[in-house]
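As provided, entry25.cif (mmCIF, C-alpha atoms and all ligand atoms) reads as follows.
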data_my_file
loop_
_atom_site.label_atom_id
_atom_site.label_comp_id
_atom_site.auth_asym_id
_atom_site.auth_seq_id
_atom_site.Cartn_x
_atom_site.Cartn_y
_atom_site.Cartn_z
CA MET A 1 96.23 67.45 110.50
CA LYS A 2 99.72 68.51 109.38
CA PRO A 3 99.01 69.27 105.73
CA ALA A 4 102.50 70.43 104.77
CA ARG A 5 103.96 67.01 105.64
CA ASN A 6 101.66 65.20 103.27
CA ARG A 7 103.32 64.92 99.84
CA ASN A 8 100.03 65.15 98.02
CA VAL A 9 98.96 68.48 99.54
CA THR A 10 99.24 71.27 96.96
CA VAL A 11 99.67 75.01 97.38
CA HIS A 12 96.07 75.28 96.23
CA ASP A 13 94.97 73.16 99.21
CA LEU A 14 96.78 75.46 101.65
CA GLY A 15 95.96 78.77 99.97
CA GLU A 16 98.29 81.77 100.09
CA PHE A 17 97.85 82.53 103.83
CA GLY A 18 98.29 78.88 104.76
CA LEU A 19 101.39 78.50 102.62
CA ILE A 20 103.06 81.55 104.17
CA ARG A 21 102.28 80.18 107.67
CA THR A 22 103.96 76.90 106.69
CA LEU A 23 107.04 78.72 105.39
CA GLN A 24 107.16 80.75 108.59
CA SER A 25 107.28 77.61 110.73
CA THR A 26 110.05 76.18 108.52
CA ILE A 27 112.20 79.29 108.97
CA GLY A 28 111.60 79.48 112.74
CA ARG A 29 112.41 82.35 115.09
CA SER A 30 114.39 85.41 114.02
CA GLU A 31 117.49 86.77 115.74
CA THR A 32 117.50 90.09 117.58
CA SER A 33 118.41 92.28 114.59
CA VAL A 34 114.94 91.45 113.26
CA VAL A 35 112.28 93.64 114.88
CA VAL A 36 109.47 92.23 112.70
CA GLY A 37 109.93 89.25 110.37
CA ILE A 38 107.24 87.53 108.31
CA GLY A 39 103.78 88.94 108.94
CA ASP A 40 103.80 92.64 108.12
CA ASP A 41 104.01 94.66 104.89
CA CYS A 42 107.79 94.91 105.26
CA ALA A 43 110.38 93.26 107.45
CA VAL A 44 111.64 95.73 110.08
CA LEU A 45 115.39 95.49 110.77
CA ARG A 46 117.87 97.15 113.11
CA GLY A 47 120.43 99.08 111.05
CA ASN A 48 123.21 101.25 112.44
CA ARG A 49 121.11 104.28 113.27
CA PRO A 50 119.85 104.59 116.83
CA ASP A 51 116.62 106.42 115.96
CA SER A 52 115.43 104.54 112.87
CA TYR A 53 114.80 101.08 111.44
CA LEU A 54 115.35 99.66 107.98
CA LEU A 55 112.34 98.36 106.04
CA TYR A 56 112.75 95.53 103.55
CA THR A 57 110.20 94.26 101.06
CA CYS A 58 109.89 92.53 97.67
CA ASP A 59 106.87 91.97 95.43
CA PRO A 60 106.81 90.58 91.89
CA VAL A 61 104.74 91.39 88.83
CA VAL A 62 104.27 88.45 86.47
CA GLU A 63 102.94 88.53 82.94
CA GLY A 64 99.46 87.07 82.78
CA VAL A 65 99.03 87.42 86.57
CA HIS A 66 99.67 91.09 87.39
CA TYR A 67 99.55 92.52 83.88
CA ARG A 68 98.53 91.46 80.38
CA PRO A 69 101.11 90.96 77.64
CA ARG A 70 99.76 93.95 75.73
CA ASP A 71 99.79 96.41 78.63
CA PRO A 72 102.25 99.28 78.02
CA ALA A 73 105.70 98.43 79.40
CA ARG A 74 105.99 101.84 81.10
CA LYS A 75 102.88 101.12 83.14
CA VAL A 76 104.12 97.62 84.01
CA GLY A 77 107.32 99.20 85.32
CA TRP A 78 105.37 101.81 87.29
CA LYS A 79 103.24 99.10 88.89
CA ALA A 80 106.23 96.90 89.74
CA MET A 81 107.86 99.76 91.67
CA ALA A 82 104.65 101.28 93.07
CA ARG A 83 103.37 98.11 94.74
CA ASN A 84 106.61 97.91 96.69
CA LEU A 85 106.48 101.61 97.54
CA SER A 86 102.98 100.97 98.86
CA ASP A 87 104.35 98.43 101.35
CA ILE A 88 106.91 100.99 102.59
CA ALA A 89 104.04 103.51 102.96
CA ALA A 90 102.10 101.02 105.09
CA MET A 91 104.95 101.02 107.63
CA GLY A 92 105.04 104.85 107.82
CA GLY A 93 108.44 104.85 106.10
CA LEU A 94 110.38 106.41 103.23
CA PRO A 95 111.79 104.33 100.36
CA ARG A 96 115.56 104.61 99.75
CA TRP A 97 117.07 101.94 97.47
CA ALA A 98 115.70 99.38 95.00
CA VAL A 99 117.14 96.43 93.07
CA VAL A 100 115.22 95.06 90.10
CA SER A 101 115.27 91.49 88.82
CA ILE A 102 113.80 90.89 85.35
CA GLY A 103 113.03 87.78 83.32
CA LEU A 104 112.74 88.40 79.57
CA ARG A 105 112.00 86.20 76.56
CA ARG A 106 114.84 86.30 74.01
CA ASN A 107 112.70 88.01 71.38
CA THR A 108 111.63 90.92 73.60
CA PRO A 109 112.36 94.28 71.93
CA VAL A 110 114.93 96.40 73.74
CA GLN A 111 112.48 99.26 73.38
CA TRP A 112 110.03 97.34 75.60
CA VAL A 113 112.67 96.97 78.31
CA LYS A 114 113.62 100.66 78.09
CA GLN A 115 109.97 101.60 78.51
CA LEU A 116 109.72 99.24 81.48
CA TYR A 117 112.64 101.07 83.08
CA THR A 118 111.14 104.46 82.30
CA GLY A 119 108.15 103.39 84.40
CA LEU A 120 110.24 101.86 87.18
CA HIS A 121 112.43 104.97 87.35
CA ALA A 122 109.50 107.40 87.26
CA ALA A 123 107.82 105.75 90.26
CA ALA A 124 111.10 105.49 92.18
CA GLN A 125 112.13 109.07 91.44
CA ARG A 126 108.79 110.52 92.45
CA PHE A 127 109.48 109.24 95.97
CA HIS A 128 113.25 109.93 96.00
CA CYS A 129 114.17 106.27 95.76
CA GLN A 130 117.15 105.04 93.69
CA ILE A 131 117.47 101.91 91.59
CA VAL A 132 120.94 100.61 92.46
CA GLY A 133 121.15 97.21 90.76
CA GLY A 134 119.33 93.99 90.01
CA ASP A 135 119.64 90.90 87.89
CA THR A 136 118.60 89.76 84.41
CA THR A 137 117.66 86.32 83.16
CA HIS A 138 115.91 84.83 80.16
CA VAL A 139 112.60 83.02 80.49
CA LYS A 140 110.92 80.59 78.14
CA HIS A 141 107.38 81.64 78.91
CA GLU A 142 105.94 84.44 81.09
CA GLN A 143 108.10 87.50 81.79
CA PHE A 144 108.43 88.96 85.28
CA VAL A 145 109.78 91.95 87.22
CA VAL A 146 110.69 91.63 90.90
CA VAL A 147 111.51 94.82 92.80
CA THR A 148 113.19 94.63 96.18
CA LEU A 149 113.09 97.82 98.21
CA ILE A 150 114.88 99.10 101.26
CA GLY A 151 113.32 101.96 103.16
CA GLU A 152 113.78 103.71 106.47
CA VAL A 153 111.43 104.73 109.24
CA GLU A 154 111.99 106.64 112.45
CA LYS A 155 111.34 104.28 115.37
CA SER A 156 108.66 106.63 116.68
CA ARG A 157 106.77 106.56 113.36
CA LEU A 158 106.75 102.85 112.64
CA THR A 159 103.19 101.62 112.02
CA LEU A 160 102.62 97.86 112.32
CA ARG A 161 99.71 95.66 111.31
CA SER A 162 99.57 94.30 114.85
CA SER A 163 98.93 97.53 116.82
CA ALA A 164 95.13 97.92 116.60
CA LYS A 165 93.51 98.80 119.93
CA ILE A 166 89.96 98.04 121.00
CA GLY A 167 87.90 101.22 120.62
CA ASP A 168 89.94 102.54 117.65
CA SER A 169 88.25 104.05 114.60
CA VAL A 170 89.08 102.37 111.28
CA PHE A 171 89.87 104.56 108.26
CA VAL A 172 90.58 103.91 104.62
CA THR A 173 92.07 106.26 102.01
CA GLY A 174 90.72 106.62 98.48
CA THR A 175 88.03 104.39 97.00
CA LEU A 176 87.93 100.61 96.63
CA GLY A 177 87.16 98.06 93.92
CA GLY A 178 87.36 97.79 90.15
CA SER A 179 91.12 98.29 90.05
CA LEU A 180 91.54 95.86 87.14
CA ARG A 181 89.81 98.39 84.90
CA GLY A 182 93.01 100.42 84.89
CA LYS A 183 94.07 101.82 88.25
CA HIS A 184 96.16 98.75 89.11
CA LEU A 185 98.78 99.91 86.58
CA THR A 186 98.80 103.61 87.40
CA PHE A 187 97.99 104.04 91.10
CA ILE A 188 99.95 106.48 93.25
CA PRO A 189 101.35 104.76 96.34
CA ARG A 190 100.20 106.58 99.47
CA ILE A 191 103.69 107.47 100.74
CA ASP A 192 102.91 111.17 101.22
CA GLU A 193 99.66 110.44 103.06
CA ALA A 194 101.23 107.76 105.26
CA ARG A 195 104.20 109.97 106.17
CA TRP A 196 101.92 112.86 107.01
CA LEU A 197 99.73 110.59 109.15
CA ALA A 198 102.72 109.15 111.00
CA ASN A 199 104.09 112.69 111.55
CA HIS A 200 100.88 114.25 112.85
CA PHE A 201 98.83 111.53 114.54
CA PRO A 202 99.49 108.50 116.73
CA VAL A 203 98.30 105.95 114.16
CA HIS A 204 97.92 102.51 115.74
CA ALA A 205 97.73 99.76 113.07
CA MET A 206 98.27 100.26 109.32
CA ILE A 207 98.28 98.03 106.22
CA ASP A 208 98.11 98.70 102.49
CA LEU A 209 95.16 97.06 100.75
CA SER A 210 96.55 94.74 98.10
CA ASP A 211 94.38 91.63 98.20
CA GLY A 212 90.95 93.12 98.89
CA LEU A 213 89.52 94.70 102.06
CA SER A 214 88.02 91.38 103.22
CA ASN A 215 91.38 89.57 102.99
CA ASP A 216 93.49 92.37 104.38
CA LEU A 217 91.18 92.92 107.40
CA GLN A 218 91.64 89.23 108.16
CA ARG A 219 95.41 89.78 107.99
CA LEU A 220 95.09 92.57 110.57
CA VAL A 221 92.90 90.47 112.83
CA ASP A 222 95.29 87.52 112.60
CA VAL A 223 98.14 89.56 114.08
CA SER A 224 96.10 91.74 116.48
CA PRO A 225 96.08 91.08 120.22
CA ARG A 226 93.78 88.22 121.27
CA GLY A 227 90.16 89.28 121.65
CA THR A 228 90.42 92.04 119.03
CA GLY A 229 87.89 92.19 116.19
CA PHE A 230 86.71 94.65 113.56
CA GLU A 231 83.23 95.94 112.73
CA ILE A 232 82.90 97.45 109.27
CA ASP A 233 79.86 99.50 108.20
CA ALA A 234 78.78 98.39 104.72
CA ALA A 235 77.15 101.78 104.08
CA GLU A 236 80.43 103.64 104.72
CA ILE A 237 82.71 101.68 102.37
CA PRO A 238 83.85 104.09 99.63
CA ILE A 239 83.13 102.23 96.38
CA ALA A 240 85.28 103.29 93.41
CA ARG A 241 83.50 104.42 90.26
CA ALA A 242 85.21 101.53 88.41
CA ALA A 243 83.45 99.09 90.79
CA GLN A 244 80.11 100.27 89.39
CA GLY A 245 78.33 100.41 92.73
CA LYS A 246 79.17 96.84 93.69
CA LEU A 247 79.99 96.44 97.37
CA SER A 248 81.37 92.95 96.71
CA ALA A 249 83.93 94.46 94.30
CA ALA A 250 85.02 97.01 96.92
CA LEU A 251 85.39 94.21 99.49
CA ASN A 252 87.12 91.61 97.36
CA ASP A 253 88.64 92.86 94.08
CA GLY A 254 92.11 93.69 95.40
CA GLU A 255 94.99 95.82 94.07
CA ASP A 256 93.49 99.01 95.53
CA PHE A 257 96.81 99.97 97.13
CA GLU A 258 95.03 102.26 99.57
CA LEU A 259 95.90 102.58 103.26
CA LEU A 260 93.77 101.11 106.00
CA PHE A 261 94.62 102.34 109.49
CA THR A 262 93.25 102.54 113.00
CA ILE A 263 93.44 105.50 115.36
CA ASP A 264 92.08 106.50 118.76
CA PRO A 265 88.61 108.06 118.21
CA ARG A 266 89.55 111.24 120.09
CA HIS A 267 91.77 112.20 117.13
CA VAL A 268 89.05 111.72 114.53
CA THR A 269 87.75 115.29 114.36
CA GLY A 270 91.24 116.79 114.15
CA LEU A 271 92.27 114.22 111.58
CA ARG A 272 89.31 114.91 109.32
CA GLN A 273 89.84 118.69 109.45
CA LYS A 274 93.58 118.64 108.87
CA TRP A 275 93.36 115.94 106.18
CA ALA A 276 90.79 117.95 104.21
CA ARG A 277 93.14 120.96 104.22
CA LYS A 278 96.15 118.89 103.13
CA PHE A 279 94.95 116.24 100.65
CA ARG A 280 92.43 115.79 97.86
CA THR A 281 92.55 112.02 98.47
CA LYS A 282 89.34 110.80 100.08
CA LEU A 283 89.46 109.66 103.70
CA THR A 284 86.62 107.56 105.11
CA GLU A 285 85.86 106.14 108.55
CA ILE A 286 84.54 102.66 107.79
CA GLY A 287 84.24 101.05 111.19
CA ARG A 288 85.80 100.36 114.56
CA VAL A 289 87.98 97.93 116.46
CA VAL A 290 85.91 95.94 118.97
CA ARG A 291 86.29 93.29 121.65
CA SER A 292 85.58 90.05 119.81
CA HIS A 293 87.04 86.61 119.22
CA HIS A 294 89.21 87.40 116.24
CA LYS A 295 86.49 88.13 113.77
CA VAL A 296 85.63 90.72 111.19
CA ALA A 297 81.94 91.59 111.03
CA LEU A 298 80.08 93.55 108.38
CA ILE A 299 77.26 95.73 109.67
CA GLU A 300 74.68 95.78 106.89
CA ARG A 301 72.59 98.83 106.05
CA ASP A 302 69.65 97.40 108.07
CA GLY A 303 71.89 97.05 111.15
CA SER A 304 72.26 93.26 110.93
CA LYS A 305 75.69 91.79 111.53
CA THR A 306 77.27 89.12 109.30
CA PRO A 307 80.79 87.66 109.39
CA LEU A 308 83.01 89.19 106.72
CA THR A 309 84.89 86.19 105.41
CA PRO A 310 88.00 86.70 103.29
CA ALA A 311 86.96 86.42 99.65
CA GLY A 312 89.65 88.61 98.12
CA TYR A 313 92.56 87.60 95.94
CA ASP A 314 94.39 84.36 96.76
CA HIS A 315 97.14 83.38 94.31
CA PHE A 316 96.45 79.70 94.79
CA ALA A 317 92.67 79.67 94.64
CA LYS A 318 91.32 78.11 91.44
CA ASP A 319 90.31 80.59 88.71
P1 LIG B 401 102.10 92.17 101.05
O1 LIG B 401 100.79 91.86 100.36
O2 LIG B 401 102.03 93.35 101.92
O3 LIG B 401 103.27 92.17 100.11
P2 LIG B 401 101.60 89.64 102.20
O4 LIG B 401 100.44 89.89 103.10
O5 LIG B 401 101.41 89.01 100.86
O6 LIG B 401 102.40 90.99 102.05
O7 LIG B 401 102.65 88.76 102.95
C1 LIG B 401 102.53 88.57 104.32
C2 LIG B 401 103.88 88.30 104.91
O8 LIG B 401 104.40 87.08 104.40
C3 LIG B 401 104.92 89.37 104.62
O9 LIG B 401 105.62 89.63 105.82
C4 LIG B 401 105.83 88.73 103.60
O10 LIG B 401 107.16 89.18 103.71
C5 LIG B 401 105.72 87.25 103.94
N1 LIG B 401 105.95 86.37 102.78
C6 LIG B 401 105.18 86.28 101.67
N2 LIG B 401 105.69 85.36 100.82
C7 LIG B 401 106.81 84.85 101.41
C8 LIG B 401 107.79 83.88 101.05
N3 LIG B 401 107.72 83.25 99.87
N4 LIG B 401 108.80 83.62 101.92
C9 LIG B 401 108.87 84.27 103.09
N5 LIG B 401 107.98 85.20 103.50
C10 LIG B 401 106.96 85.50 102.68
MG MG B 402 101.22 95.17 101.78
#
The structure given in the file should be rewritten as C-alpha cells.
Ligand code: ADP
Ligand code: MG
Amino acid sequence: MKPARNRNVTVHDLGEFGLIRTLQSTIGRSETSVVVGIGDDCAVLRGNRPDSYLLYTCDPVVEGVHYRPRDPARKVGWKAMARNLSDIAAMGGLPRWAVVSIGLRRNTPVQWVKQLYTGLHAAAQRFHCQIVGGDTTHVKHEQFVVVTLIGEVEKSRLTLRSSAKIGDSVFVTGTLGGSLRGKHLTFIPRIDEARWLANHFPVHAMIDLSDGLSNDLQRLVDVSPRGTGFEIDAAEIPIARAAQGKLSAALNDGEDFELLFTIDPRHVTGLRQKWARKFRTKLTEIGRVVRSHHKVALIERDGSKTPLTPAGYDHFAKD
C-alpha cells in the first residue's frame, strides 16, 4: 500500500513517525554539506570549520498542545527554548544562536509577550546562546512560539541516534514520567551533562527523551544497524515522583527531556564513579543493546520478556 498517494489518507492514519517518513521520501537525498538530515535530534551540517559541525533544529510550542492558556508566559518561553536546547544536548553540542517566531492574538497583553521573552532569554542565556531574530504574526485562534536553534559540536564529540553497538549498556539521566504535572514547563535541558559525557567518555548513541521512553527507544532502533535491539529492565526504570509509581507513565508520558545514551560496558564503573562526583542528576543503567531483529523488549520483574511497543506521545493519535 502507498498510503500517502491516497487522497483520503489523513495524518492520523499515518501517525507522526509515518508522516515524517513520507516527508523524507518527498525531499529525497541530501547533498554532501549535509552530514545527517532527517532522522536525528538535529540536522548535522558542514560549516566552515574543519574540526566542528553545525547543528540545526526547530521545535514549536502551541497553546493547548504544549501549554495551557493560563500557564505563566515566562514558563512557556522557558519551555520553548529549553526543548530546542535539549535537542542540541542530545547531539553532544553547544547552542549558539536562536531565532524565534511567534503567533499572537491581537488582544494579547504586551506584558504577556515580555514575560514570554524573559523566559526565552533566561533559558538561552543560561547556556550562552543568543536570540538574534525571528518573526511575528497574528493568529485568530491558538498562539504559538517556534524556536530555531543553531549549535556547534566538535566532530569528535558528535553523538548520533544511529551509533548503538551490540553489547552496549543503556543509561538514562534523571527520572521519567508525570512531566505534565509541572516539569514540562521548567525542566533544565541536559546540556552540561551531555557535554561532560561527550568530553570524558566514548558515548555511542544518544537521544533526548521527548515523546516517552517507549517511542524514543523505537526511534533509536529504527536508525540502528540491522540486527540491533534493546532490552530494558522494568525494575531499573527510574520513575519520577510525579508519575506516582506508575511504570506505564515512565514509559509513555513524554516530555521528560532526559538523555538516553549507550556506552561500552567497560566504561560503566568509571562513568558511575565520575558522574557521582560531578552531578546531582540521577544516572541509571536501564538495559543493554542486544542482537535482535529490530525490537525493543521489556524484561519484567519476574524475568519474562515482552515486546515494548511504542505507546508514547504521537501528535496525530486520537485523544
Ligand atoms: P525531536 O523530537 O528530537 O525534535 P523528532 O523525533 O520529532 O525530533 O523528529 C525526527 C526527525 O524528523 C528529525 O530529524 C526532524 O528534523 C524531522 N522532522 C520532523 N518534522 C519534520 C518536518 N515537518 N519536515 C521535515 N523534517 C521533519
Ligand atoms: Mg529530540
May I have a table of the residues of chain A lying at most 6 Å from ligand MG 402 (chain B), giving each one's closest pair of atoms and their distance in Å to one decimal, counting all atoms listed in the file, ordered by chain and ascending residue number, as a tab-separated table?
residue	atom	partner	partner_atom	distance
A:Asp41	CA	B:MG402	MG	4.2
A:Asp87	CA	B:MG402	MG	4.5
A:Asp208	CA	B:MG402	MG	4.8
A:Ser210	CA	B:MG402	MG	6.0
Throw together the list of residues within 9 Å of ligand LIG 401 (chain B), counting all atoms listed in the file, and drop it here as a VMD selection string. chain A and resid 16 to 17 19 to 21 23 to 24 27 36 to 43 56 to 59 83 to 84 86 to 87 90 207 to 211 216 219
With only C-alpha atoms counted, which protein, DNA or RNA residues have an atom no more than 9 Å from (118.4, 88.9, 91.2) in the file frame? Please answer as a PDB file with C-alpha atoms, keeping the file's coordinate frame.
ATOM      1  CA  VAL A  99     117.140  96.430  93.070  1.00  0.00           C
ATOM      2  CA  VAL A 100     115.220  95.060  90.100  1.00  0.00           C
ATOM      3  CA  SER A 101     115.270  91.490  88.820  1.00  0.00           C
ATOM      4  CA  ILE A 102     113.800  90.890  85.350  1.00  0.00           C
ATOM      5  CA  GLY A 133     121.150  97.210  90.760  1.00  0.00           C
ATOM      6  CA  GLY A 134     119.330  93.990  90.010  1.00  0.00           C
ATOM      7  CA  ASP A 135     119.640  90.900  87.890  1.00  0.00           C
ATOM      8  CA  THR A 136     118.600  89.760  84.410  1.00  0.00           C
ATOM      9  CA  THR A 137     117.660  86.320  83.160  1.00  0.00           C
ATOM     10  CA  VAL A 146     110.690  91.630  90.900  1.00  0.00           C
TER      11      VAL A 146
END
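Using all atoms listed in the file, the nearest neighbour of Gly92 in chain A within the list A:Glu236, A:Asp168, A:Glu193, A:Asp51 is A:Glu193.
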When you draw a straight line from CA of Gln143 in chain A to CA of Trp112 in chain A, how long is it in Å? 11.8 Å
So how far away is CA of Thr32 in chain A from CA of Arg49 in chain A, in Å?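 CA of Thr32 in chain A lies 15.3 Å from CA of Arg49 in chain A.
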For Val203 in chain A, work out the shell of residues within 7 Å, counting only C-alpha atoms and skipping chain neighbours fewer than 3 positions away, then give it as an MDAnalysis selection string. chainID A and resid 159 197:198 261:263
Taken to one decimal, the CA of Asp222 in chain A-CA of Thr306 in chain A distance is 18.4 Å
Who sits within 6 Å of Glu231 in chain A, only C-alpha atoms, same chain under 2 positions skipped, as a ChimeraX atom specification: /A:287-288,296-298
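Proximity of A:Glu300, A:Pro225, A:Gln244, A:Met206 to Ile88 in chain A, computed with all atoms listed in the file, is greatest for A:Met206.
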Compile the contact shell of Ala317 in chain A as a PyMOL selection string: residues with an atom at most 9 Å away, counting all atoms listed in the file, same-chain residues fewer than 4 positions apart removed. chain A and resi 11-13+15-16+313
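The protein and nucleic acid residues lying at most 9 Å from Gly212 in chain A are Leu176, Gly177, Asp216, Leu217, Ala249, Ala250, Leu251, Asn252, Asp253, Gly254, Glu255, Asp256, Pro310, Ala311, Gly312 and Tyr313 of chain A, with all atoms listed in the file considered and sequence neighbours fewer than 4 positions away removed.
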How would you write as a PyMOL selection string the residues that get within 6 Å of (111.0, 86.7, 82.3) in the file's frame, counting all atoms listed in the file? chain A and resi 102-105+138-139+142-144
Save the residues we just selected, C-alpha atoms, as an mmCIF file, keeping the file's coordinate frame?
data_model
loop_
_atom_site.group_PDB
_atom_site.id
_atom_site.type_symbol
_atom_site.label_atom_id
_atom_site.label_comp_id
_atom_site.auth_asym_id
_atom_site.auth_seq_id
_atom_site.Cartn_x
_atom_site.Cartn_y
_atom_site.Cartn_z
ATOM 1 C CA ILE A 102 113.800 90.890 85.350
ATOM 2 C CA GLY A 103 113.030 87.780 83.320
ATOM 3 C CA LEU A 104 112.740 88.400 79.570
ATOM 4 C CA ARG A 105 112.000 86.200 76.560
ATOM 5 C CA HIS A 138 115.910 84.830 80.160
ATOM 6 C CA VAL A 139 112.600 83.020 80.490
ATOM 7 C CA GLU A 142 105.940 84.440 81.090
ATOM 8 C CA GLN A 143 108.100 87.500 81.790
ATOM 9 C CA PHE A 144 108.430 88.960 85.280
#
Can you build me a table of range 173-208 of chain A residues sitting at most 10 Å from range 93-96 of chain A, with the closest atom pair per residue and its distance in Å to one decimal, using all atoms listed in the file, sorted by chain and residue number, as CSV?
residue,atom,partner,partner_atom,distance
A:Ile191,CA,A:Leu94,CA,7.2
A:Asp192,CA,A:Leu94,CA,9.1
A:Ala194,CA,A:Gly93,CA,7.8
A:Arg195,CA,A:Gly93,CA,6.6
A:Ala198,CA,A:Gly93,CA,8.7
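With all atoms listed in the file as the basis for measurement, A:Gly119 is the residue among A:Gly119, A:Gly229, A:Pro265, A:Pro109 that approaches Lys79 in chain A most closely.
Using only C-alpha atoms, the contacts of Val44 in chain A at a cut-off of 6 Å, with sequence neighbours closer than 2 positions omitted, comprise Val35, Val36, Leu54 and Leu55 of chain A.
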